[in-house]
>>> print(open('entry_32.csv').read())   # CSV, C-alpha atoms and all ligand atoms
chain,number,residue,atom,x,y,z
A,577,MET,CA,28.7,33.6,-107.2
A,578,LYS,CA,24.9,33.0,-107.0
A,579,LYS,CA,22.4,31.6,-109.4
A,580,LEU,CA,20.0,34.1,-111.1
A,581,SER,CA,17.0,34.6,-108.9
A,582,ARG,CA,13.6,35.8,-110.3
A,583,SER,CA,13.8,39.2,-108.7
A,584,PHE,CA,16.7,41.4,-108.0
A,585,THR,CA,16.9,45.0,-107.0
A,586,LEU,CA,18.0,47.8,-109.4
A,587,CYS,CA,21.5,48.9,-108.8
A,588,ARG,CA,22.2,52.5,-107.9
A,589,ASP,CA,26.0,52.7,-108.1
A,590,TYR,CA,26.2,54.5,-111.4
A,591,SER,CA,27.7,57.8,-112.2
A,592,VAL,CA,25.8,60.8,-113.8
A,593,GLN,CA,27.2,63.2,-116.2
A,594,SER,CA,25.7,66.6,-116.7
A,595,GLY,CA,26.6,69.7,-118.6
A,596,LYS,CA,26.1,71.6,-121.8
A,597,GLY,CA,24.3,69.7,-124.5
A,598,MET,CA,24.0,66.7,-122.3
A,599,ASN,CA,20.7,65.2,-121.2
A,600,THR,CA,20.8,65.2,-117.4
A,601,GLN,CA,18.9,61.9,-117.3
A,602,SER,CA,21.7,60.4,-119.4
A,603,LEU,CA,23.6,57.9,-117.3
A,604,LYS,CA,27.0,56.5,-117.8
A,605,ILE,CA,27.7,52.8,-117.1
A,606,LYS,CA,30.7,52.6,-114.8
A,607,GLY,CA,33.8,51.2,-116.5
A,608,VAL,CA,32.3,51.4,-120.1
A,609,LYS,CA,34.2,53.8,-122.3
A,610,ASP,CA,31.9,54.0,-125.4
A,611,ILE,CA,28.4,52.8,-126.0
A,612,ILE,CA,27.3,52.6,-129.6
A,613,ALA,CA,23.8,51.8,-130.9
A,614,VAL,CA,23.3,49.7,-134.0
A,615,ALA,CA,19.9,50.7,-135.2
A,616,SER,CA,17.5,50.7,-138.2
A,617,GLY,CA,14.2,52.3,-138.7
A,618,LYS,CA,12.8,49.1,-140.4
A,619,GLY,CA,12.9,45.6,-139.0
A,620,GLY,CA,14.5,42.7,-140.7
A,621,VAL,CA,17.3,44.6,-142.5
A,622,GLY,CA,20.1,42.8,-140.7
A,623,LYS,CA,20.6,45.0,-137.6
A,624,SER,CA,21.4,42.1,-135.2
A,625,THR,CA,23.6,40.4,-137.8
A,626,THR,CA,25.5,43.6,-138.2
A,627,ALA,CA,25.7,44.2,-134.4
A,628,VAL,CA,27.1,40.7,-133.8
A,629,ASN,CA,29.7,40.7,-136.6
A,630,LEU,CA,30.7,44.2,-135.6
A,631,ALA,CA,31.1,43.4,-131.9
A,632,VAL,CA,33.1,40.2,-132.7
A,633,SER,CA,35.3,42.2,-135.1
A,634,LEU,CA,35.9,44.9,-132.5
A,635,ALA,CA,37.0,42.2,-130.1
A,636,ASN,CA,39.0,39.9,-132.3
A,637,LYS,CA,40.3,42.2,-135.0
A,638,CYS,CA,40.7,45.5,-133.1
A,639,ARG,CA,41.7,43.6,-129.9
A,640,LEU,CA,39.2,45.6,-127.7
A,641,SER,CA,37.3,44.6,-124.7
A,642,VAL,CA,33.7,44.5,-126.0
A,643,GLY,CA,30.2,43.9,-124.7
A,644,LEU,CA,27.0,43.3,-126.7
A,645,LEU,CA,23.6,44.3,-125.3
A,646,ASP,CA,20.5,42.9,-126.9
A,647,ALA,CA,18.0,45.7,-126.4
A,648,ASP,CA,15.5,44.1,-128.6
A,649,VAL,CA,13.5,42.7,-125.6
A,650,TYR,CA,10.5,41.6,-127.6
A,651,GLY,CA,12.5,39.6,-130.2
A,652,PRO,CA,15.9,38.8,-128.8
A,653,SER,CA,18.1,37.1,-131.3
A,654,ILE,CA,21.6,37.5,-129.8
A,655,PRO,CA,21.5,34.2,-127.8
A,656,THR,CA,21.0,32.3,-131.0
A,657,MET,CA,23.4,34.4,-133.1
A,658,MET,CA,26.2,34.2,-130.4
A,659,LYS,CA,25.3,30.7,-129.2
A,660,LEU,CA,24.8,31.8,-125.6
A,661,GLN,CA,24.1,28.9,-123.3
A,662,GLY,CA,22.4,28.9,-119.9
A,663,LYS,CA,21.4,31.8,-117.7
A,664,PRO,CA,23.7,34.5,-116.4
A,665,GLU,CA,25.1,34.0,-112.9
A,666,VAL,CA,24.7,36.8,-110.3
A,667,SER,CA,27.7,38.3,-108.5
A,668,GLU,CA,28.0,38.9,-104.8
A,669,ALA,CA,27.1,42.6,-105.6
A,670,ASN,CA,23.7,41.3,-107.0
A,671,LYS,CA,24.7,42.0,-110.6
A,672,MET,CA,24.3,39.7,-113.5
A,673,ILE,CA,27.5,38.4,-115.1
A,674,PRO,CA,27.4,38.6,-118.9
A,675,ILE,CA,27.6,35.3,-120.8
A,676,GLU,CA,30.8,35.4,-122.9
A,677,ASN,CA,31.3,33.8,-126.3
A,678,HIS,CA,33.5,34.6,-129.4
A,679,GLY,CA,35.4,37.0,-127.2
A,680,VAL,CA,32.3,39.2,-126.4
A,681,LYS,CA,30.4,39.7,-123.2
A,682,CYS,CA,26.7,39.4,-124.0
A,683,MET,CA,23.5,40.2,-122.2
A,684,SER,CA,20.0,39.5,-123.6
A,685,MET,CA,16.5,39.1,-122.3
A,686,GLY,CA,16.5,35.9,-124.4
A,687,SER,CA,19.0,34.4,-121.8
A,688,LEU,CA,16.6,35.2,-118.9
A,689,VAL,CA,13.3,33.9,-120.2
A,690,GLU,CA,12.3,30.4,-121.4
A,691,LYS,CA,13.0,30.0,-125.1
A,692,GLU,CA,9.5,30.2,-126.6
A,693,ALA,CA,7.9,32.2,-123.8
A,694,PRO,CA,6.1,35.3,-125.2
A,695,ILE,CA,7.3,38.7,-123.9
A,696,VAL,CA,4.1,40.7,-123.4
A,697,TRP,CA,5.3,43.7,-121.4
A,698,ARG,CA,4.0,47.2,-121.5
A,699,GLY,CA,6.3,50.2,-121.9
A,700,PRO,CA,7.4,50.8,-118.3
A,701,MET,CA,8.2,47.1,-117.8
A,702,VAL,CA,10.4,47.2,-120.9
A,703,MET,CA,12.3,50.2,-119.6
A,704,LYS,CA,12.8,48.5,-116.3
A,705,ALA,CA,14.1,45.4,-118.0
A,706,LEU,CA,16.5,47.4,-120.1
A,707,GLU,CA,17.7,49.3,-117.0
A,708,GLN,CA,18.4,45.9,-115.4
A,709,LEU,CA,20.1,44.6,-118.6
A,710,THR,CA,22.5,47.6,-118.6
A,711,ARG,CA,23.1,48.8,-115.0
A,712,GLY,CA,22.2,45.5,-113.3
A,713,VAL,CA,25.1,43.9,-115.1
A,714,ASP,CA,28.7,43.5,-114.1
A,715,TRP,CA,30.2,44.6,-117.5
A,716,GLY,CA,33.6,45.1,-116.0
A,717,ASN,CA,35.9,47.5,-118.0
A,718,LEU,CA,34.8,47.7,-121.6
A,719,ASP,CA,36.2,49.7,-124.5
A,720,VAL,CA,32.9,49.4,-126.3
A,721,LEU,CA,29.4,48.3,-125.5
A,722,VAL,CA,27.5,47.6,-128.7
A,723,VAL,CA,23.7,47.9,-128.3
A,724,ASP,CA,21.5,46.0,-130.7
A,725,MET,CA,18.5,48.3,-130.7
A,726,PRO,CA,14.8,47.3,-131.2
A,727,PRO,CA,13.6,48.1,-134.7
A,728,GLY,CA,11.7,51.4,-135.1
A,729,THR,CA,11.7,54.9,-133.7
A,730,GLY,CA,9.1,54.6,-130.9
A,731,ASP,CA,9.2,55.2,-127.1
A,732,ALA,CA,11.6,52.4,-126.3
A,733,GLN,CA,14.2,53.6,-128.8
A,734,ILE,CA,13.9,57.2,-127.7
A,735,SER,CA,14.2,56.2,-124.0
A,736,ILE,CA,17.2,54.0,-124.6
A,737,SER,CA,18.9,56.8,-126.6
A,738,GLN,CA,18.2,59.2,-123.8
A,739,ARG,CA,19.0,57.0,-120.8
A,740,LEU,CA,22.2,55.5,-122.1
A,741,GLN,CA,25.0,57.9,-122.7
A,742,LEU,CA,25.5,56.8,-126.3
A,743,SER,CA,28.7,57.9,-128.0
A,744,GLY,CA,27.0,57.4,-131.4
A,745,ALA,CA,24.7,55.3,-133.5
A,746,LEU,CA,25.3,53.2,-136.6
A,747,ILE,CA,22.4,53.0,-138.9
A,748,VAL,CA,21.8,49.8,-140.9
A,749,SER,CA,19.7,49.8,-144.0
A,750,THR,CA,19.2,47.7,-147.2
A,751,PRO,CA,19.3,49.7,-150.4
A,752,GLN,CA,15.5,49.4,-150.7
A,753,ASP,CA,13.5,52.6,-150.7
A,754,VAL,CA,11.1,51.6,-147.8
A,755,ALA,CA,14.1,50.7,-145.7
A,756,LEU,CA,15.9,53.9,-146.5
A,757,MET,CA,12.9,56.0,-145.6
A,758,ASP,CA,12.8,54.4,-142.2
A,759,ALA,CA,16.6,54.8,-141.9
A,760,ARG,CA,16.1,58.5,-142.4
A,761,ARG,CA,13.5,58.4,-139.6
A,762,GLY,CA,16.1,56.7,-137.4
A,763,VAL,CA,18.8,59.3,-138.2
A,764,ASN,CA,16.3,62.1,-137.3
A,765,MET,CA,15.3,60.4,-134.1
A,766,PHE,CA,19.0,60.2,-132.9
A,767,SER,CA,19.5,63.8,-134.0
A,768,LYS,CA,16.6,64.9,-131.8
A,769,VAL,CA,18.2,63.3,-128.8
A,770,ALA,CA,21.6,64.7,-129.7
A,771,VAL,CA,23.2,61.3,-130.4
A,772,PRO,CA,25.9,61.6,-133.2
A,773,ILE,CA,25.4,59.4,-136.2
A,774,LEU,CA,28.6,57.3,-136.8
A,775,GLY,CA,27.5,56.5,-140.3
A,776,ILE,CA,25.2,54.3,-142.5
A,777,ILE,CA,26.1,50.7,-143.4
A,778,GLU,CA,24.3,49.1,-146.3
A,779,ASN,CA,23.3,45.4,-145.8
A,780,MET,CA,22.2,43.0,-148.5
A,781,SER,CA,23.8,45.3,-151.1
A,782,TYR,CA,23.9,42.7,-153.8
A,783,PHE,CA,23.9,38.9,-154.3
A,784,LYS,CA,26.8,37.3,-156.3
A,785,CYS,CA,25.6,34.3,-158.3
A,786,PRO,CA,27.8,31.4,-157.3
A,787,HIS,CA,27.7,30.0,-160.8
A,788,CYS,CA,28.5,33.1,-163.0
A,789,ASN,CA,29.8,35.5,-160.3
A,790,GLU,CA,27.5,38.2,-161.6
A,791,PRO,CA,26.1,40.5,-158.9
A,792,SER,CA,22.3,41.0,-158.7
A,793,PHE,CA,21.1,44.1,-156.9
A,794,ILE,CA,18.0,42.5,-155.4
A,795,PHE,CA,17.0,45.4,-153.2
A,796,GLY,CA,18.2,48.2,-155.5
A,797,LYS,CA,21.7,49.6,-156.1
A,798,GLY,CA,23.6,52.2,-154.0
A,799,GLY,CA,20.6,53.5,-152.1
A,800,ALA,CA,22.3,53.8,-148.7
A,801,ARG,CA,25.4,55.4,-150.1
A,802,LYS,CA,23.2,58.0,-151.8
A,803,THR,CA,21.1,58.6,-148.6
A,804,ALA,CA,24.3,59.0,-146.6
A,805,GLU,CA,25.6,61.6,-149.1
A,806,ASP,CA,22.2,63.4,-149.2
A,807,MET,CA,22.1,63.6,-145.4
A,808,GLY,CA,25.8,64.6,-145.0
A,809,LEU,CA,26.6,61.3,-143.2
A,810,ARG,CA,29.5,58.9,-143.5
A,811,PHE,CA,28.9,55.7,-145.6
A,812,VAL,CA,30.9,53.1,-143.7
A,813,GLY,CA,30.5,50.1,-145.9
A,814,GLU,CA,28.4,47.6,-147.8
A,815,ILE,CA,27.8,43.9,-146.9
A,816,PRO,CA,26.4,41.6,-149.7
A,817,LEU,CA,23.7,39.0,-149.2
A,818,VAL,CA,25.7,35.9,-148.5
A,819,GLU,CA,24.4,32.5,-147.5
A,820,GLU,CA,27.2,32.0,-145.1
A,821,VAL,CA,26.3,35.2,-143.2
A,822,ARG,CA,22.7,33.8,-142.7
A,823,SER,CA,23.9,30.3,-141.7
A,824,GLY,CA,26.5,31.8,-139.3
A,825,SER,CA,23.7,33.7,-137.6
A,826,ASP,CA,21.5,30.6,-137.3
A,827,ASP,CA,24.3,28.4,-136.1
A,828,GLY,CA,25.6,30.9,-133.6
A,829,VAL,CA,29.0,31.2,-135.2
A,830,PRO,CA,29.2,34.6,-137.0
A,831,ILE,CA,31.0,34.6,-140.3
A,832,VAL,CA,33.9,36.7,-138.9
A,833,VAL,CA,34.6,33.7,-136.6
A,834,SER,CA,33.8,30.8,-139.0
A,835,ASN,CA,35.5,32.3,-142.1
A,836,PRO,CA,37.6,35.3,-141.0
A,837,ASP,CA,39.5,35.4,-144.3
A,838,SER,CA,36.3,35.8,-146.4
A,839,ALA,CA,35.6,39.1,-148.2
A,840,VAL,CA,32.5,39.7,-146.0
A,841,ALA,CA,34.5,39.1,-142.8
A,842,LYS,CA,37.1,41.6,-144.0
A,843,SER,CA,34.4,44.1,-144.8
A,844,TYR,CA,33.0,43.8,-141.2
A,845,GLY,CA,36.6,44.3,-139.9
A,846,ASP,CA,37.0,47.4,-142.0
A,847,VAL,CA,33.7,48.8,-140.7
A,848,ALA,CA,34.9,48.0,-137.1
A,849,GLN,CA,38.1,50.0,-137.7
A,850,SER,CA,36.2,52.9,-139.3
A,851,ILE,CA,33.9,53.0,-136.3
A,852,MET,CA,36.8,53.1,-133.9
A,853,SER,CA,38.5,56.0,-135.7
A,854,ILE,CA,35.2,57.9,-135.8
A,855,LEU,CA,34.8,57.4,-132.1
A,856,GLU,CA,38.4,58.7,-131.5
A,857,ASP,CA,37.6,61.8,-133.6
A,858,LEU,CA,34.3,62.3,-131.6
A,859,ALA,CA,36.1,61.9,-128.3
A,860,LYS,CA,38.6,64.6,-129.3
A,861,GLN,CA,35.8,66.9,-130.3
A,862,ARG,CA,33.8,66.3,-127.1
A,863,ASP,CA,34.0,68.9,-124.3
A,864,VAL,CA,35.5,67.5,-121.2
A,865,GLN,CA,32.7,67.5,-118.6
A,866,PRO,CA,33.2,67.1,-114.9
A,867,GLU,CA,31.8,63.7,-113.7
A,868,ILE,CA,29.4,63.8,-110.7
A,869,ILE,CA,29.0,60.5,-108.9
A,870,MET,CA,25.5,59.9,-107.4
A,901,LIG,N1,24.2,40.1,-145.3
A,901,LIG,C1,23.4,39.1,-145.1
A,901,LIG,N2,23.4,38.0,-145.9
A,901,LIG,C2,22.5,36.9,-145.7
A,901,LIG,N3,21.6,36.9,-144.8
A,901,LIG,C3,21.5,38.0,-144.0
A,901,LIG,C4,22.4,39.1,-144.1
A,901,LIG,N4,22.1,40.0,-143.1
A,901,LIG,C5,21.1,39.5,-142.4
A,901,LIG,N5,20.7,38.3,-142.9
A,901,LIG,C6,19.6,37.4,-142.5
A,901,LIG,O1,18.4,38.2,-142.6
A,901,LIG,C7,17.6,37.9,-141.5
A,901,LIG,C8,17.3,39.2,-140.7
A,901,LIG,O2,18.5,39.6,-140.1
A,901,LIG,P1,18.6,40.2,-138.6
A,901,LIG,O3,17.8,39.4,-137.7
A,901,LIG,O4,20.0,40.5,-138.3
A,901,LIG,O5,17.7,41.6,-138.9
A,901,LIG,P2,17.2,42.6,-137.8
A,901,LIG,O6,17.1,43.9,-138.6
A,901,LIG,O7,17.9,42.6,-136.6
A,901,LIG,O8,15.7,42.0,-137.6
A,901,LIG,P3,14.7,42.4,-136.4
A,901,LIG,O9,14.1,43.7,-136.8
A,901,LIG,O10,13.7,41.3,-136.5
A,901,LIG,O11,15.4,42.5,-135.1
A,901,LIG,C9,18.3,36.8,-140.7
A,901,LIG,O12,17.8,35.6,-141.0
A,901,LIG,C10,19.7,37.0,-141.0
A,901,LIG,O13,20.5,35.8,-140.9
>>> encode(input="entry_32.csv", output="structure tokens")
Amino acid sequence: MKKLSRSFTLCRDYSVQSGKGMNTQSLKIKGVKDIIAVASGKGGVGKSTTAVNLAVSLANKCRLSVGLLDADVYGPSIPTMMKLQGKPEVSEANKMIPIENHGVKCMSMGSLVEKEAPIVWRGPMVMKALEQLTRGVDWGNLDVLVVDMPPGTGDAQISISQRLQLSGALIVSTPQDVALMDARRGVNMFSKVAVPILGIIENMSYFKCPHCNEPSFIFGKGGARKTAEDMGLRFVGEIPLVEEVRSGSDDGVPIVVSNPDSAVAKSYGDVAQSIMSILEDLAKQRDVQPEIIM
């Protein structure tokens, strides 16, 4: 095993699938069964928090082999949220070895650059970095690779959706109108690139007063469920605004690890199970395509 060097060549040993309804540029990562994007139109709605708790639930509750890719190259938060330490090592095959914690193999730009270094790349550099973070990594055999997408619906998001052969996308939104408007944009972007929407999850649905136990609907009530209904999409669950969720993210110990019996951890577990059954349904529906190895 080698230490990570500053430059390493792009790997070319990946397979390509082509066929009806499939983007010919869409590339499969060897050994990875399903790749799912966790996305939101708007920033700050809890996309990374959802991706982390979902990935750990898939690993620990559903007993799957799981990877987590931080595709938010400009604002990588996965190293903090998953308490990733050090830089990834490089294998003999010149591939980076993901850093594993809480049962999940993780890869993030934040593990490659100095902590407070600004990331000031232009578009092509970002795509090259993402290419390296996906195919330049020895993921091994994974049941699911969860991709924490950058916020928004711009070039980077479209390119990632096209280049990775996504099995589907989970949209995260708060119940607030401005977030829901951007969530709709996210849904439409994935539809344009023929990525199935797995469902919408509502984050920060309400806050329960620790004194009187009354819920307050700080960002509005039921907005994401209604949007899902309007758009003919599945509503996969709601996660309240909970201090322990925030502190778990800041401390690098997600609530599904620190307090697995809490109601919130159980909700994340239920979402993970729903996602797996949706993926199974989608796999059944998918046409079987011949795989061409480049
Ligand atoms: N359910 C929740 N309860 C309490 N705090 C939460 C919850 N979800 C997210 N947070 C907190 O809200 C903040 C934003 O969350 P997060 O970083 O996951 O959002 P994001 O959508 O990934 O943001 P960005 O667009 O910057 O990548 C973080 O401080 C996080 O700890």
>>> residues_near_ligand(input="entry_32.csv", ligand="ligand LIG 901 (chain A)", cutoff="6 Å", atoms="all atoms listed in the file", output="ChimeraX atom specification")
/A:619-625,727,779-780,815-819,821-822,825
>>> residues_around(input="entry_32.csv", residues="A:Ile734", least_positions_apart="6", cutoff="12 Å", atoms="all atoms listed in the file", output="PyMOL selection string")
chain A and resi 602+613+615+699+703+725-728+740+742+761-771
>>> closest_residue(input="entry_32.csv", among="A:Val680, A:Ser834, A:Ala732, A:Ile773", to="A:Ile854", atoms="all atoms listed in the file")
A:Ile773
>>> closest_residue(input="entry_32.csv", among="A:Ala841, A:Val666, A:Leu774, A:Val608", to="A:Gly808", atoms="all atoms listed in the file")
A:Leu774
>>> closest_residue(input="entry_32.csv", among="A:Asp846, A:Glu676, A:Glu790, A:Asp753", to="A:Lys802", atoms="all atoms listed in the file")
A:Asp753
>>> atom_distance(input="entry_32.csv", atom1="atom CA of A:Gln708", atom2="atom CA of A:Asn636")
27.3 Å
>>> atom_distance(input="entry_32.csv", atom1="atom CA of A:Gly796", atom2="atom CA of A:Pro751")
5.4 Å
>>> atom_distance(input="entry_32.csv", atom1="atom CA of A:Gly662", atom2="atom CA of A:Leu688")
8.6 Å
>>> build_atoms(input="entry_32.csv", residues="stretch 653-666 of chain A", atoms="N, CA and C atoms", output="PDB file, in the frame of the given file")
ATOM      1  N   SER A 653      17.479  38.085-130.456  1.00  0.00           N
ATOM      2  CA  SER A 653      18.100  37.100-131.300  1.00  0.00           C
ATOM      3  C   SER A 653      19.554  36.819-131.000  1.00  0.00           C
ATOM      4  N   ILE A 654      20.116  37.633-130.096  1.00  0.00           N
ATOM      5  CA  ILE A 654      21.600  37.500-129.800  1.00  0.00           C
ATOM      6  C   ILE A 654      21.921  36.133-129.190  1.00  0.00           C
ATOM      7  N   PRO A 655      21.086  35.551-128.286  1.00  0.00           N
ATOM      8  CA  PRO A 655      21.500  34.200-127.800  1.00  0.00           C
ATOM      9  C   PRO A 655      21.687  33.197-128.852  1.00  0.00           C
ATOM     10  N   THR A 656      20.837  33.234-129.896  1.00  0.00           N
ATOM     11  CA  THR A 656      21.000  32.300-131.000  1.00  0.00           C
ATOM     12  C   THR A 656      22.245  32.672-131.827  1.00  0.00           C
ATOM     13  N   MET A 657      22.334  33.945-132.196  1.00  0.00           N
ATOM     14  CA  MET A 657      23.400  34.400-133.100  1.00  0.00           C
ATOM     15  C   MET A 657      24.797  34.251-132.458  1.00  0.00           C
ATOM     16  N   MET A 658      24.856  34.334-131.113  1.00  0.00           N
ATOM     17  CA  MET A 658      26.200  34.200-130.400  1.00  0.00           C
ATOM     18  C   MET A 658      26.302  32.906-129.683  1.00  0.00           C
ATOM     19  N   LYS A 659      25.351  32.007-129.894  1.00  0.00           N
ATOM     20  CA  LYS A 659      25.300  30.700-129.200  1.00  0.00           C
ATOM     21  C   LYS A 659      25.585  30.838-127.723  1.00  0.00           C
ATOM     22  N   LEU A 660      24.682  31.578-127.071  1.00  0.00           N
ATOM     23  CA  LEU A 660      24.800  31.800-125.600  1.00  0.00           C
ATOM     24  C   LEU A 660      24.052  30.650-124.932  1.00  0.00           C
ATOM     25  N   GLN A 661      24.725  30.016-123.993  1.00  0.00           N
ATOM     26  CA  GLN A 661      24.100  28.900-123.300  1.00  0.00           C
ATOM     27  C   GLN A 661      23.835  29.206-121.839  1.00  0.00           C
ATOM     28  N   GLY A 662      22.705  28.738-121.321  1.00  0.00           N
ATOM     29  CA  GLY A 662      22.400  28.900-119.900  1.00  0.00           C
ATOM     30  C   GLY A 662      21.967  30.290-119.538  1.00  0.00           C
ATOM     31  N   LYS A 663      21.794  30.501-118.231  1.00  0.00           N
ATOM     32  CA  LYS A 663      21.400  31.800-117.700  1.00  0.00           C
ATOM     33  C   LYS A 663      22.574  32.490-117.081  1.00  0.00           C
ATOM     34  N   PRO A 664      22.574  33.810-117.044  1.00  0.00           N
ATOM     35  CA  PRO A 664      23.700  34.500-116.400  1.00  0.00           C
ATOM     36  C   PRO A 664      23.744  34.217-114.900  1.00  0.00           C
ATOM     37  N   GLU A 665      24.941  34.124-114.347  1.00  0.00           N
ATOM     38  CA  GLU A 665      25.100  34.000-112.900  1.00  0.00           C
ATOM     39  C   GLU A 665      24.990  35.394-112.305  1.00  0.00           C
ATOM     40  N   VAL A 666      24.822  35.452-110.977  1.00  0.00           N
ATOM     41  CA  VAL A 666      24.700  36.800-110.300  1.00  0.00           C
ATOM     42  C   VAL A 666      25.884  36.892-109.324  1.00  0.00           C
TER      43      VAL A 666
END
